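K.L.:
Following this line is model.pdb, made up of PDB, C-alpha atoms and all ligand atoms:
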ATOM      1  CA  MET A 221     -22.789  17.527  11.783
ATOM      2  CA  GLU A 222     -22.901  21.115  10.594
ATOM      3  CA  ASN A 223     -19.311  21.717  11.668
ATOM      4  CA  PHE A 224     -18.242  18.612   9.790
ATOM      5  CA  ALA A 225     -19.957  19.973   6.672
ATOM      6  CA  ILE A 226     -18.155  23.296   7.101
ATOM      7  CA  ALA A 227     -14.767  21.583   7.372
ATOM      8  CA  THR A 228     -15.503  19.401   4.342
ATOM      9  CA  LEU A 229     -16.660  22.380   2.312
ATOM     10  CA  LEU A 230     -13.515  24.369   3.188
ATOM     11  CA  PHE A 231     -11.333  21.434   2.265
ATOM     12  CA  MET A 232     -13.077  21.100  -1.089
ATOM     13  CA  ILE A 233     -12.618  24.804  -1.751
ATOM     14  CA  MET A 234      -8.908  24.663  -0.947
ATOM     15  CA  LEU A 235      -8.347  21.482  -2.960
ATOM     16  CA  PRO A 236     -10.804  22.277  -5.745
ATOM     17  CA  GLY A 237     -13.417  19.533  -5.803
ATOM     18  CA  LYS A 238     -11.401  16.979  -3.852
ATOM     19  CA  SER A 239     -13.218  15.286  -0.994
ATOM     20  CA  PRO A 240     -11.159  14.851   2.204
ATOM     21  CA  TYR A 241     -12.018  11.165   2.332
ATOM     22  CA  ALA A 242     -11.737  10.314  -1.349
ATOM     23  CA  ALA A 243     -10.892   6.656  -1.865
ATOM     24  CA  VAL A 244      -7.385   5.932  -0.582
ATOM     25  CA  GLY A 245      -5.552   2.641  -0.616
ATOM     26  CA  GLY A 246      -8.584   0.622  -1.723
ATOM     27  CA  ALA A 247     -10.913   1.810   1.064
ATOM     28  CA  SER A 248     -14.193   3.522   0.156
ATOM     29  CA  PRO A 249     -14.919   7.118   1.266
ATOM     30  CA  ALA A 250     -17.491   5.855   3.789
ATOM     31  CA  GLU A 251     -14.939   3.519   5.358
ATOM     32  CA  ASN A 252     -12.424   6.340   5.456
ATOM     33  CA  ILE A 253     -14.850   8.637   7.300
ATOM     34  CA  ARG A 254     -15.576   5.925   9.849
ATOM     35  CA  ASN A 255     -11.908   5.127  10.383
ATOM     36  CA  GLY A 256     -10.706   8.719  10.294
ATOM     37  CA  ASN A 257      -8.452   7.705   7.424
ATOM     38  CA  PHE A 258      -7.207  11.050   6.097
ATOM     39  CA  ALA A 259      -4.420  10.827   3.535
ATOM     40  CA  TYR A 260      -2.711  14.172   4.206
ATOM     41  CA  GLU A 261      -0.116  15.054   6.847
ATOM     42  CA  SER A 262       0.699  18.482   8.149
ATOM     43  CA  ASN A 263       4.466  18.180   8.478
ATOM     44  CA  ASP A 264       6.778  18.253   5.466
ATOM     45  CA  LYS A 265       8.561  15.042   6.355
ATOM     46  CA  SER A 266       5.558  12.792   5.970
ATOM     47  CA  LYS A 267       4.077  11.364   2.846
ATOM     48  CA  ILE A 268       1.302  13.164   1.040
ATOM     49  CA  PRO A 269      -0.685  11.986  -1.981
ATOM     50  CA  PRO A 270       1.402  12.350  -5.142
ATOM     51  CA  GLY A 271       0.565  14.734  -7.963
ATOM     52  CA  LYS A 272      -1.409  17.967  -8.055
ATOM     53  CA  TRP A 273      -3.391  17.384  -4.824
ATOM     54  CA  GLY A 274      -0.190  16.927  -2.902
ATOM     55  CA  PHE A 275       1.238  20.094  -4.501
ATOM     56  CA  ILE A 276      -1.809  22.166  -3.529
ATOM     57  CA  TRP A 277      -1.750  20.723  -0.027
ATOM     58  CA  SER A 278       1.959  21.486   0.449
ATOM     59  CA  HIS A 279       1.444  25.157  -0.446
ATOM     60  CA  MET A 280      -1.226  25.736   2.205
ATOM     61  CA  SER A 281      -0.141  27.384   5.427
ATOM     62  CA  TYR A 282       1.028  25.034   8.142
ATOM     63  CA  ASN A 283      -1.776  26.002  10.550
ATOM     64  CA  THR A 284      -4.452  25.436   7.918
ATOM     65  CA  ARG A 285      -3.053  22.013   7.169
ATOM     66  CA  THR A 286      -2.897  21.186  10.868
ATOM     67  CA  ALA A 287      -6.536  22.258  11.351
ATOM     68  CA  PHE A 288      -7.646  19.923   8.560
ATOM     69  CA  VAL A 289      -5.570  17.029   9.841
ATOM     70  CA  ASP A 290      -6.896  17.506  13.383
ATOM     71  CA  THR A 291     -10.457  17.537  12.082
ATOM     72  CA  PHE A 292     -10.317  14.645   9.650
ATOM     73  CA  ARG A 293      -7.875  12.210  11.201
ATOM     74  CA  LYS A 294      -8.837   9.743  13.884
ATOM     75  CA  ASP A 295      -6.213  10.871  16.408
ATOM     76  CA  GLY A 296      -6.809  14.573  15.687
ATOM     77  CA  GLN A 297      -7.897  16.802  18.559
ATOM     78  CA  PHE A 298     -10.991  18.028  16.636
ATOM     79  CA  PHE A 299     -12.004  14.598  15.294
ATOM     80  CA  ALA A 300     -14.707  13.817  17.863
ATOM     81  CA  PRO A 301     -18.070  15.279  16.704
ATOM     82  CA  ASP A 302     -18.443  17.492  19.815
ATOM     83  CA  LYS A 303     -14.902  18.870  19.446
ATOM     84  CA  ARG A 304     -15.115  19.927  15.807
ATOM     85  CA  MET A 305     -14.125  23.499  14.982
ATOM     86  CA  ASN A 306     -17.045  25.848  14.337
ATOM     87  CA  ALA A 307     -17.323  28.500  11.641
ATOM     88  CA  GLU A 308     -15.817  31.183  13.914
ATOM     89  CA  GLN A 309     -12.700  29.099  14.609
ATOM     90  CA  TRP A 310     -12.282  28.330  10.914
ATOM     91  CA  LEU A 311     -12.531  32.033  10.165
ATOM     92  CA  ASP A 312      -9.638  32.657  12.556
ATOM     93  CA  VAL A 313      -7.526  30.043  10.806
ATOM     94  CA  PHE A 314      -8.165  31.543   7.380
ATOM     95  CA  ARG A 315      -7.678  35.138   8.559
ATOM     96  CA  ALA A 316      -4.253  34.119   9.828
ATOM     97  CA  TYR A 317      -3.634  32.414   6.462
ATOM     98  CA  ARG A 318      -4.511  35.681   4.687
ATOM     99  CA  ARG A 319      -2.176  37.687   6.913
ATOM    100  CA  GLY A 320       0.638  35.300   6.027
ATOM    101  CA  ILE A 321       0.195  35.568   2.260
ATOM    102  CA  ASP A 322       2.915  38.183   1.668
ATOM    103  CA  HIS A 323       5.449  36.245   3.667
ATOM    104  CA  MET A 324       4.540  33.015   1.884
ATOM    105  CA  LEU A 325       4.822  34.685  -1.540
ATOM    106  CA  GLU A 326       8.253  35.955  -0.587
ATOM    107  CA  ARG A 327       9.414  32.451   0.169
ATOM    108  CA  ASP A 328       7.750  30.890  -2.850
ATOM    109  CA  PRO A 329       6.200  32.801  -5.772
ATOM    110  CA  MET A 330       3.914  29.834  -6.431
ATOM    111  CA  ALA A 331       2.345  30.048  -2.963
ATOM    112  CA  MET A 332      -0.944  31.523  -4.177
ATOM    113  CA  ASP A 333      -1.415  29.500  -7.364
ATOM    114  CA  ILE A 334      -4.679  27.575  -7.459
ATOM    115  CA  PHE A 335      -2.969  24.683  -9.219
ATOM    116  CA  PRO A 336       0.731  24.767  -8.321
ATOM    117  CA  THR A 337       2.856  22.481 -10.476
ATOM    118  CA  ARG A 338       5.376  21.440  -7.840
ATOM    119  CA  LEU A 339       5.810  21.157  -4.078
ATOM    120  CA  LYS A 340       6.281  24.226  -1.936
ATOM    121  CA  LYS A 341       9.882  25.406  -1.686
ATOM    122  CA  ARG A 342      11.694  24.382   1.451
ATOM    123  CA  GLU A 343      14.536  26.011   3.330
ATOM    124  CA  CYS A 344      17.745  23.980   3.336
ATOM    125  CA  LYS A 345      18.743  22.999   6.853
ATOM    126  CA  ARG A 346      22.425  23.535   6.039
ATOM    127  CA  CYS A 347      22.848  26.524   3.706
ATOM    128  CA  HIS A 348      19.380  28.053   4.334
ATOM    129  CA  ASN A 349      18.709  28.608   0.627
ATOM    130  CA  MET A 350      15.220  27.859  -0.632
ATOM    131  CA  PHE A 351      14.956  24.762  -2.824
ATOM    132  CA  ILE A 352      12.240  22.753  -4.589
ATOM    133  CA  PRO A 353      11.850  19.418  -2.790
ATOM    134  CA  ASP A 354      11.769  16.082  -4.582
ATOM    135  CA  PRO A 355       8.194  14.752  -4.212
ATOM    136  CA  ASN A 356       9.426  11.168  -4.059
ATOM    137  CA  ARG A 357      11.927  11.538  -1.279
ATOM    138  CA  TYR A 358      12.151  13.773   1.747
ATOM    139  CA  SER A 359      15.415  15.598   2.217
ATOM    140  CA  PRO A 360      16.156  18.401   4.683
ATOM    141  CA  PHE A 361      18.973  19.636   2.412
ATOM    142  CA  CYS A 362      19.037  21.321  -0.969
ATOM    143  CA  PRO A 363      20.451  19.281  -3.880
ATOM    144  CA  ASP A 364      23.810  21.111  -3.588
ATOM    145  CA  CYS A 365      24.254  20.282   0.083
ATOM    146  CA  GLU A 366      22.929  16.806  -0.614
ATOM    147  CA  ARG A 367      25.704  16.217  -3.148
ATOM    148  CA  LYS A 368      28.301  17.151  -0.585
ATOM    149  CA  ASP A 369      26.754  14.686   1.850
ATOM    150  CA  VAL A 370      27.001  11.672  -0.475
ATOM    151  CA  TRP A 371      28.826   8.776   1.084
ATOM    152  CA  LYS A 372      28.418   6.144  -1.618
ATOM    153  CA  SER A 373      26.712   5.976  -4.974
ATOM    154  CA  TYR A 374      26.426   2.896  -7.170
ATOM    155  CA  PRO A 375      24.040   1.385  -9.738
ATOM    156  CA  CYS A 376      21.113  -0.825  -8.741
ATOM    157  CA  SER A 377      21.867  -4.560  -9.194
ATOM    158  CA  ASN A 378      18.802  -5.141 -11.341
ATOM    159  CA  PRO A 379      20.171  -5.196 -14.922
ATOM    160  CA  ARG A 380      16.922  -3.728 -16.271
ATOM    161  CA  CYS A 381      16.931  -0.815 -13.815
ATOM    162  CA  ASN A 382      18.895   2.344 -14.484
ATOM    163  CA  ASN A 383      18.556   3.822 -11.001
ATOM    164  CA  THR A 384      21.457   4.705  -8.796
ATOM    165  CA  ILE A 385      21.535   3.884  -5.131
ATOM    166  CA  THR A 386      22.849   6.820  -3.128
ATOM    167  CA  LEU A 387      23.811   6.550   0.511
ATOM    168  CA  TYR A 388      24.388   9.656   2.600
ATOM    169  CA  ASN A 389      26.844  10.368   5.355
ATOM    170  CA  ARG A 390      24.014  11.352   7.671
ATOM    171  CA  ASN A 391      22.573   7.826   7.389
ATOM    172  CA  ARG A 392      25.826   5.951   7.741
ATOM    173  CA  ALA A 393      24.938   4.597  11.174
ATOM    174  CA  ARG A 394      22.058   2.751   9.562
ATOM    175  CA  TYR A 395      24.415   0.561   7.559
ATOM    176  CA  LEU A 396      26.816  -0.212  10.344
ATOM    177  CA  ASN A 397      27.676  -3.950  10.239
ATOM    178  CA  LYS A 398      25.126  -4.489   7.492
ATOM    179  CA  ARG A 399      25.437  -5.351   3.844
ATOM    180  CA  LEU A 400      24.649  -2.381   1.638
ATOM    181  CA  PRO A 401      21.407  -2.481  -0.354
ATOM    182  CA  GLU A 402      21.701  -4.178  -3.745
ATOM    183  CA  TYR A 403      18.455  -2.879  -5.181
ATOM    184  CA  CYS A 404      16.946   0.585  -5.331
ATOM    185  CA  ASN A 405      13.612   1.378  -3.665
ATOM    186  CA  ALA A 406      11.720   1.179  -6.955
ATOM    187  CA  CYS A 407      12.927  -2.402  -7.383
ATOM    188  CA  TRP A 408      11.250  -3.379  -4.105
ATOM    189  CA  GLN A 409       7.762  -2.451  -5.292
ATOM    190  CA  SER A 410       5.432  -5.443  -5.314
ATOM    191  CA  THR A 411       4.572  -6.619  -8.811
ATOM    192  CA  PRO A 412       2.282  -9.547  -9.681
ATOM    193  CA  CYS A 413       3.845 -12.618 -11.296
ATOM    194  CA  ARG A 414       2.647 -12.673 -14.918
ATOM    195  CA  SER A 415       1.746 -16.339 -14.707
ATOM    196  CA  CYS A 416       0.075 -16.836 -11.302
ATOM    197  CA  GLY A 417      -0.392 -13.300  -9.969
ATOM    198  CA  TYR A 418       1.657 -13.923  -6.843
ATOM    199  CA  MET A 419       3.169 -10.656  -5.555
ATOM    200  CA  ILE A 420       6.924 -10.448  -5.981
ATOM    201  CA  ALA A 421       9.503  -7.670  -5.788
ATOM    202  CA  LYS A 422      10.129  -5.855  -9.034
ATOM    203  CA  TRP A 423      13.778  -6.912  -9.198
ATOM    204  CA  MET A 424      12.673 -10.550  -9.147
ATOM    205  CA  TYR A 425      10.084  -9.827 -11.832
ATOM    206  CA  ASP A 426      12.772  -8.298 -14.040
ATOM    207  CA  GLU A 427      15.430 -10.907 -13.395
ATOM    208  CA  GLN A 428      13.163 -13.957 -13.748
ATOM    209  CA  ASP A 429      11.294 -13.085 -16.887
ATOM    210  CA  GLY A 430       8.213 -11.729 -15.052
ATOM    211  CA  LEU A 431       7.783 -14.922 -13.047
ATOM    212  CA  CYS A 432       7.719 -15.682  -9.350
ATOM    213  CA  ARG A 433      10.180 -18.232  -8.074
ATOM    214  CA  ARG A 434       7.860 -21.175  -8.343
ATOM    215  CA  CYS A 435       6.643 -20.386 -11.868
ATOM    216  CA  TYR A 436      10.208 -19.691 -12.947
ATOM    217  CA  ARG A 437      11.380 -23.044 -11.642
ATOM    218  CA  HIS A 438       8.392 -24.673 -13.255
ATOM    219  CA  GLN A 439       9.195 -23.264 -16.684
ATOM    220  CA  HIS A 440      12.960 -23.321 -16.654
ATOM    221  CA  GLY A 441      13.803 -26.190 -14.354
ATOM    222  CA  LYS A 442      11.936 -29.020 -16.112
ATOM    223  CA  ARG A 443      15.060 -30.578 -17.500
ATOM    224  CA  LYS A 444      16.472 -30.731 -13.986
ATOM    225  CA  LYS A 445      14.614 -34.061 -13.584
ATOM    226  CA  ALA A 446      11.296 -32.979 -12.166
ATOM    227  CA  ALA A 447      11.691 -31.045  -9.009
ATOM    228  CA  PRO A 448       8.866 -32.693  -7.025
ATOM    229  CA  ILE A 449       5.679 -31.078  -8.320
ATOM    230  CA  LYS A 450       3.827 -31.816  -5.095
ATOM    231  CA  SER A 451       4.827 -28.274  -4.105
ATOM    232  CA  THR A 452       1.614 -26.530  -3.201
ATOM    233  CA  HIS A 453       1.667 -22.795  -2.805
ATOM    234  CA  GLN A 454       2.330 -23.408   0.841
ATOM    235  CA  THR A 455       5.903 -24.483   0.200
ATOM    236  CA  HIS A 456       6.114 -21.921  -2.529
ATOM    237  CA  MET A 457       5.308 -19.197  -0.041
ATOM    238  CA  ALA A 458       7.733 -20.530   2.464
ATOM    239  CA  ALA A 459      10.531 -20.743  -0.064
ATOM    240  CA  GLN A 460      10.232 -17.258  -1.412
ATOM    241  CA  PRO A 461      10.537 -15.032   1.643
ATOM    242  CA  VAL A 462      13.798 -16.754   2.565
ATOM    243  CA  ARG A 463      15.619 -15.084  -0.259
ATOM    244  CA  GLN A 464      13.595 -11.935   0.215
ATOM    245  CA  SER A 465      14.408 -11.640   3.863
ATOM    246  CA  ALA A 466      18.068 -12.207   3.143
ATOM    247  CA  ARG A 467      17.938  -9.199   0.878
ATOM    248  CA  LEU A 468      15.628  -7.319   3.175
ATOM    249  CA  SER A 469      18.125  -7.348   5.962
ATOM    250  CA  ASN A 470      20.325  -5.145   3.803
ATOM    251  CA  MET A 471      17.659  -2.618   3.181
ATOM    252  CA  HIS A 472      16.660   0.279   5.291
ATOM    253  CA  ALA A 473      13.251   0.333   6.852
ATOM    254  CA  PRO A 474      11.018   2.191   4.379
ATOM    255  CA  SER A 475      11.847  -0.005   1.450
ATOM    256  CA  ALA A 476      11.623  -3.067   3.616
ATOM    257  CA  THR A 477       7.984  -2.386   4.341
ATOM    258  CA  LYS A 478       7.356  -1.841   0.680
ATOM    259  CA  ALA A 479       8.786  -5.209  -0.141
ATOM    260  CA  THR A 480       6.626  -7.253   2.193
ATOM    261  CA  ILE A 481       4.968  -9.830   0.074
ATOM    262  CA  GLN A 482       1.252 -10.122   0.098
ATOM    263  CA  PRO A 483       0.087 -13.687  -0.242
ATOM    264  CA  LYS A 484      -3.424 -12.557  -1.101
ATOM    265  CA  SER A 485      -3.241 -13.981  -4.602
ATOM    266  CA  VAL A 486      -2.591 -17.447  -3.245
ATOM    267  CA  ASN A 487      -6.272 -18.257  -2.890
ATOM    268  CA  SER A 488      -7.034 -17.521  -6.487
ATOM    269  CA  SER A 489      -4.163 -19.578  -7.832
ATOM    270  CA  PRO A 490      -5.238 -22.164 -10.406
ATOM    271  CA  ARG A 491      -3.898 -24.990  -8.282
ATOM    272  CA  ASN A 492      -6.178 -24.100  -5.399
ATOM    273  CA  ARG A 493      -9.143 -23.783  -7.670
ATOM    274  CA  ILE A 494      -8.554 -27.289  -8.963
ATOM    275  CA  SER A 495      -8.415 -28.770  -5.497
ATOM    276  CA  LYS A 496     -11.647 -26.955  -4.613
ATOM    277  CA  ASN A 497     -13.371 -28.577  -7.608
ATOM    278  CA  GLU A 498     -12.060 -31.963  -6.537
ATOM    279  CA  SER A 499     -13.474 -31.606  -3.064
ATOM    280  CA  ASN A 500     -16.818 -30.588  -4.577
ATOM    281  CA  ASN A 501     -16.874 -33.823  -6.559
ATOM    282  CA  THR A 502     -16.197 -35.987  -3.515
ATOM    283  CA  ASN A 503     -19.015 -34.197  -1.707
ATOM    284  CA  ILE A 504     -21.485 -35.121  -4.430
ATOM    285  CA  VAL A 505     -20.410 -38.788  -4.297
ATOM    286  CA  LEU A 506     -20.821 -38.813  -0.497
ATOM    287  CA  VAL A 507     -24.362 -37.442  -0.680
ATOM    288  CA  PHE A 508     -25.224 -40.072  -3.298
ATOM    289  CA  VAL A 509     -23.909 -42.941  -1.143
ATOM    290  CA  ILE A 510     -25.890 -41.711   1.882
ATOM    291  CA  LEU A 511     -29.086 -41.518  -0.205
ATOM    292  CA  ILE A 512     -28.629 -45.135  -1.376
ATOM    293  CA  LEU A 513     -28.027 -46.277   2.240
ATOM    294  CA  ILE A 514     -31.229 -44.558   3.416
ATOM    295  CA  PHE A 515     -33.151 -46.222   0.560
ATOM    296  CA  ILE A 516     -31.787 -49.666   1.449
ATOM    297  CA  MET A 517     -32.770 -49.152   5.114
ATOM    298  CA  LEU A 518     -36.276 -47.894   4.290
ATOM    299  CA  ALA A 519     -37.145 -50.664   1.785
ATOM    300  CA  PRO A 520     -37.708 -53.493   4.365
ATOM    301  CA  ILE A 521     -39.931 -51.191   6.482
ATOM    302  CA  TYR A 522     -41.996 -50.340   3.406
ATOM    303  CA  PHE A 523     -42.417 -53.992   2.520
ATOM    304  CA  ALA A 524     -43.257 -54.927   6.114
ATOM    305  CA  VAL A 525     -45.942 -52.243   6.337
ATOM    306  CA  SER A 526     -47.530 -53.146   3.007
ATOM    307  CA  TRP A 527     -47.511 -56.861   3.990
ATOM    308  CA  TYR A 528     -49.210 -56.001   7.334
ATOM    309  CA  LEU A 529     -51.852 -53.891   5.573
ATOM    310  CA  SER A 530     -52.597 -56.662   3.063
ATOM    311  CA  LEU A 531     -53.031 -59.105   5.985
ATOM    312  CA  ARG A 532     -55.654 -56.898   7.619
ATOM    313  CA  SER A 533     -57.732 -56.343   4.534
TER     314      SER A 533
HETATM  315 ZN    ZN B 601      21.748  23.745   1.070
HETATM  316 ZN    ZN B 602      16.450  -0.673  -9.241
HETATM  317 ZN    ZN B 603       3.994 -17.271 -10.417
END
How would this structure read if it were set down as C-alpha cells?
P.N.:
Amino acid sequence: MENFAIATLLFMIMLPGKSPYAAVGGASPAENIRNGNFAYESNDKSKIPPGKWGFIWSHMSYNTRTAFVDTFRKDGQFFAPDKRMNAEQWLDVFRAYRRGIDHMLERDPMAMDIFPTRLKKRECKRCHNMFIPDPNRYSPFCPDCERKDVWKSYPCSNPRCNNTITLYNRNRARYLNKRLPEYCNACWQSTPCRSCGYMIAKWMYDEQDGLCRRCYRHQHGKRKKAAPIKSTHQTHMAAQPVRQSARLSNMHAPSATKATIQPKSVNSSPRNRISKNESNNTNIVLVFVILILIFIMLAPIYFAVSWYLSLRS
C-alpha cells in the first residue's frame, strides 16, 4: 500500500496534480485502479492522452515512463501489490533521469519545461534530423521525408470536410487489391443522429442532414409511397452496417475500429419507449381480469358458508 502511494505521489508530482487513474473513457478512477486501466504508454508509437498531459508525459525519460506503466497497468511487471517498486528503486529511476537531463536538453530544449506546449521532438528514421511529431498521428519520419514518401493524396469525399487523404508508399501493401478510402479518419468518428441519437459515422451525419439512415428515409422518403413503417430499430440496425461495412472494407484498421457503430442508443429510442408503455398497459388489464375471476370464484363459497352458518343458528 505504501509503495502504491509513493508511485501515485511521484506521478502526481511529474504530471502536476494529475492522478494516474483519472477518469478515462467513461470509467471511474476506482474502476480504473481495479482494472489496471492506465491511459499512458511508454513507447512513442502508442496513443497517449491528448493535450498538455500527453505533452508532459512525452517529455519524461523513457525509463521513468516505463516504471510508471509497469506499476499502474494491469500487465505491468510491478502491478501486483507485492511486486511494487519501493522508495529506493524509485530513487534509482529518478537519479538516472537527472543524469540524463543534459542529453535530453540537447535533443529538445523543451525537455525540462514543467508545462511543455508540444510533444517531445523525435529523431527522423530516415534523415536523422529532430522534428516535432504530430500529436494526432504517429510518423517515424520528419515532415520533409514524409512528403517524399507520399504515394497518393486526394480530398475526402465528404463535401463538408476539407481534409485530404494521404497515402504513403510505405503503406502501399495495405491497399493491395482494395478500394482506396473515400473518407478521412475524422469522418469515421461516431456522431449521434440529431433526431434519434443513433450513432453514425460523421460523413453520414454531414451528407444526410445530421440524420441516421432510418430518420433520413423517414423525413425525405415519405413521398416514395410509404416505405413500410413497420421497420423497428432491429431492421434499421441491420440495414445500416451494410453500407458501413462496404465502406469499411476500404479503410485501414485504425479508422475501421473508430467507425464501429454502437447500438447503445437503440434502447432509448422513442419507438421502444412507446412499446414499453403498451406492454405496461396490457399488464394492468391482465391483473384486473385475474382479480375479477378470483372474485367470481370466491362468491359462491362465501354464499355457501353464510347459508350454512344461518342454518346452524
Ligand atoms: Zn527526415
Ligand atoms: Zn473527411
Ligand atoms: Zn436517427
K.L.:
Can you give me, as a list in words, the residues this file yields under the PyMOL selection byres (((not hetatm)) within 9 of (chain B and resi 603))?
P.N.:
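This file, filtered by the PyMOL selection byres (((not hetatm)) within 9 of (chain B and resi 603)), leaves Pro412, Cys413, Arg414, Ser415, Cys416, Gly417, Tyr418, Met419, Ile420, Gly430, Leu431, Cys432, Arg433, Arg434, Cys435, Tyr436 and Ser489 of chain A.
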K.L.:
Store the residues of this selection in a file with C-alpha atoms, as an mmCIF file, keeping the file's coordinate frame.
P.N.:
data_model
loop_
_atom_site.group_PDB
_atom_site.id
_atom_site.type_symbol
_atom_site.label_atom_id
_atom_site.label_comp_id
_atom_site.auth_asym_id
_atom_site.auth_seq_id
_atom_site.Cartn_x
_atom_site.Cartn_y
_atom_site.Cartn_z
ATOM 1 C CA PRO A 412 2.282 -9.547 -9.681
ATOM 2 C CA CYS A 413 3.845 -12.618 -11.296
ATOM 3 C CA ARG A 414 2.647 -12.673 -14.918
ATOM 4 C CA SER A 415 1.746 -16.339 -14.707
ATOM 5 C CA CYS A 416 0.075 -16.836 -11.302
ATOM 6 C CA GLY A 417 -0.392 -13.300 -9.969
ATOM 7 C CA TYR A 418 1.657 -13.923 -6.843
ATOM 8 C CA MET A 419 3.169 -10.656 -5.555
ATOM 9 C CA ILE A 420 6.924 -10.448 -5.981
ATOM 10 C CA GLY A 430 8.213 -11.729 -15.052
ATOM 11 C CA LEU A 431 7.783 -14.922 -13.047
ATOM 12 C CA CYS A 432 7.719 -15.682 -9.350
ATOM 13 C CA ARG A 433 10.180 -18.232 -8.074
ATOM 14 C CA ARG A 434 7.860 -21.175 -8.343
ATOM 15 C CA CYS A 435 6.643 -20.386 -11.868
ATOM 16 C CA TYR A 436 10.208 -19.691 -12.947
ATOM 17 C CA SER A 489 -4.163 -19.578 -7.832
#
K.L.:
At what distance in Å, to one decimal, does CA of Thr384 in chain A lie from CA of Asp426 in chain A?
P.N.:
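Value for the CA of Asp426 in chain A-CA of Thr384 in chain A distance: 16.5 Å.
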K.L.:
One decimal, in Å: what's the spacing between CA of Met234 in chain A and CA of Trp310 in chain A?
P.N.:
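Answer for the CA of Met234 in chain A to CA of Trp310 in chain A separation: 12.9 Å.
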K.L.:
Got a sec to check which residues lie within 6 Å of ligand ZN 602 (chain B), using only C-alpha atoms and all ligand atoms, and send them as a list in words?
P.N.:
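What falls inside 6 Å of ligand ZN 602 (chain B) is Cys376, Asn378, Cys381, Asn383, Tyr403, Cys404, Ala406 and Cys407 of chain A.
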K.L.:
In Å to one decimal, how far is CA of Phe298 in chain A from CA of Ser266 in chain A?
P.N.:
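Here the two named atoms are 20.4 Å from each other.
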K.L.:
Given the file above and the PyMOL selection byres (((chain A and resi 337) around 12) and not hetatm), which residues are selected, and can you give them as a PyMOL selection string?
P.N.:
chain A and resi 270-279+329-336+338-341+352+355
K.L.:
Would you tabulate, counting only C-alpha atoms and all ligand atoms, all residues of chain A that have an atom at most 12 Å from an atom of ligand ZN 601 (chain B), showing the closest pair of atoms and their distance in Å to one decimal, sorted by chain then ascending number, as a Markdown table?
P.N.:
| residue | atom | partner | partner_atom | distance |
| --- | --- | --- | --- | --- |
| A:Arg342 | CA | B:ZN601 | ZN | 10.1 |
| A:Glu343 | CA | B:ZN601 | ZN | 7.9 |
| A:Cys344 | CA | B:ZN601 | ZN | 4.6 |
| A:Lys345 | CA | B:ZN601 | ZN | 6.6 |
| A:Arg346 | CA | B:ZN601 | ZN | 5.0 |
| A:Cys347 | CA | B:ZN601 | ZN | 4.0 |
| A:His348 | CA | B:ZN601 | ZN | 5.9 |
| A:Asn349 | CA | B:ZN601 | ZN | 5.8 |
| A:Met350 | CA | B:ZN601 | ZN | 7.9 |
| A:Phe351 | CA | B:ZN601 | ZN | 7.9 |
| A:Ile352 | CA | B:ZN601 | ZN | 11.1 |
| A:Pro353 | CA | B:ZN601 | ZN | 11.5 |
| A:Ser359 | CA | B:ZN601 | ZN | 10.4 |
| A:Pro360 | CA | B:ZN601 | ZN | 8.5 |
| A:Phe361 | CA | B:ZN601 | ZN | 5.1 |
| A:Cys362 | CA | B:ZN601 | ZN | 4.2 |
| A:Pro363 | CA | B:ZN601 | ZN | 6.8 |
| A:Asp364 | CA | B:ZN601 | ZN | 5.7 |
| A:Cys365 | CA | B:ZN601 | ZN | 4.4 |
| A:Glu366 | CA | B:ZN601 | ZN | 7.2 |
| A:Arg367 | CA | B:ZN601 | ZN | 9.5 |
| A:Lys368 | CA | B:ZN601 | ZN | 9.4 |
| A:Asp369 | CA | B:ZN601 | ZN | 10.4 |
K.L.:
Find the residue from A:Glu261, A:Pro249, A:Ala287, A:His440 that sits nearest to Gln309 in chain A; use all atoms listed in the file when measuring.
P.N.:
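With all atoms listed in the file as the atom set, the closest residue is A:Ala287.
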K.L.:
Which one of A:Leu396, A:Leu513, A:Phe292, A:Thr284 sits closest to Arg315 in chain A if you count all atoms listed in the file?
P.N.:
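Using all atoms listed in the file, the shortest distance to Arg315 in chain A belongs to A:Thr284.
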K.L.:
Expand the PyMOL selection byres (((chain A and resi 283) around 10) and not hetatm) into the explicit residue set it covers here, and present it as a list in words.
P.N.:
Ser262, Met280, Ser281, Tyr282, Thr284, Arg285, Thr286, Ala287, Phe288, Val289, Val313, Phe314, Ala316 and Tyr317 of chain A
K.L.:
Would you list the contacts of Ala225 in chain A as a ChimeraX atom specification, taking every protein, DNA or RNA residue within 12 Å and counting only C-alpha atoms, but skipping same-chain residues closer than 3 positions in sequence?
P.N.:
/A:221-222,228-232,239-240,291-292,301,304-307
K.L.:
If we count all atoms listed in the file, what is near Ile385 in chain A at a cut-off of 9 Å, once residues fewer than 3 positions away on the same chain are taken out, given as a list in words?
P.N.:
Lys372, Ser373, Tyr374, Pro375, Cys376, Pro401, Glu402, Tyr403, Cys404 and Asn405 of chain A
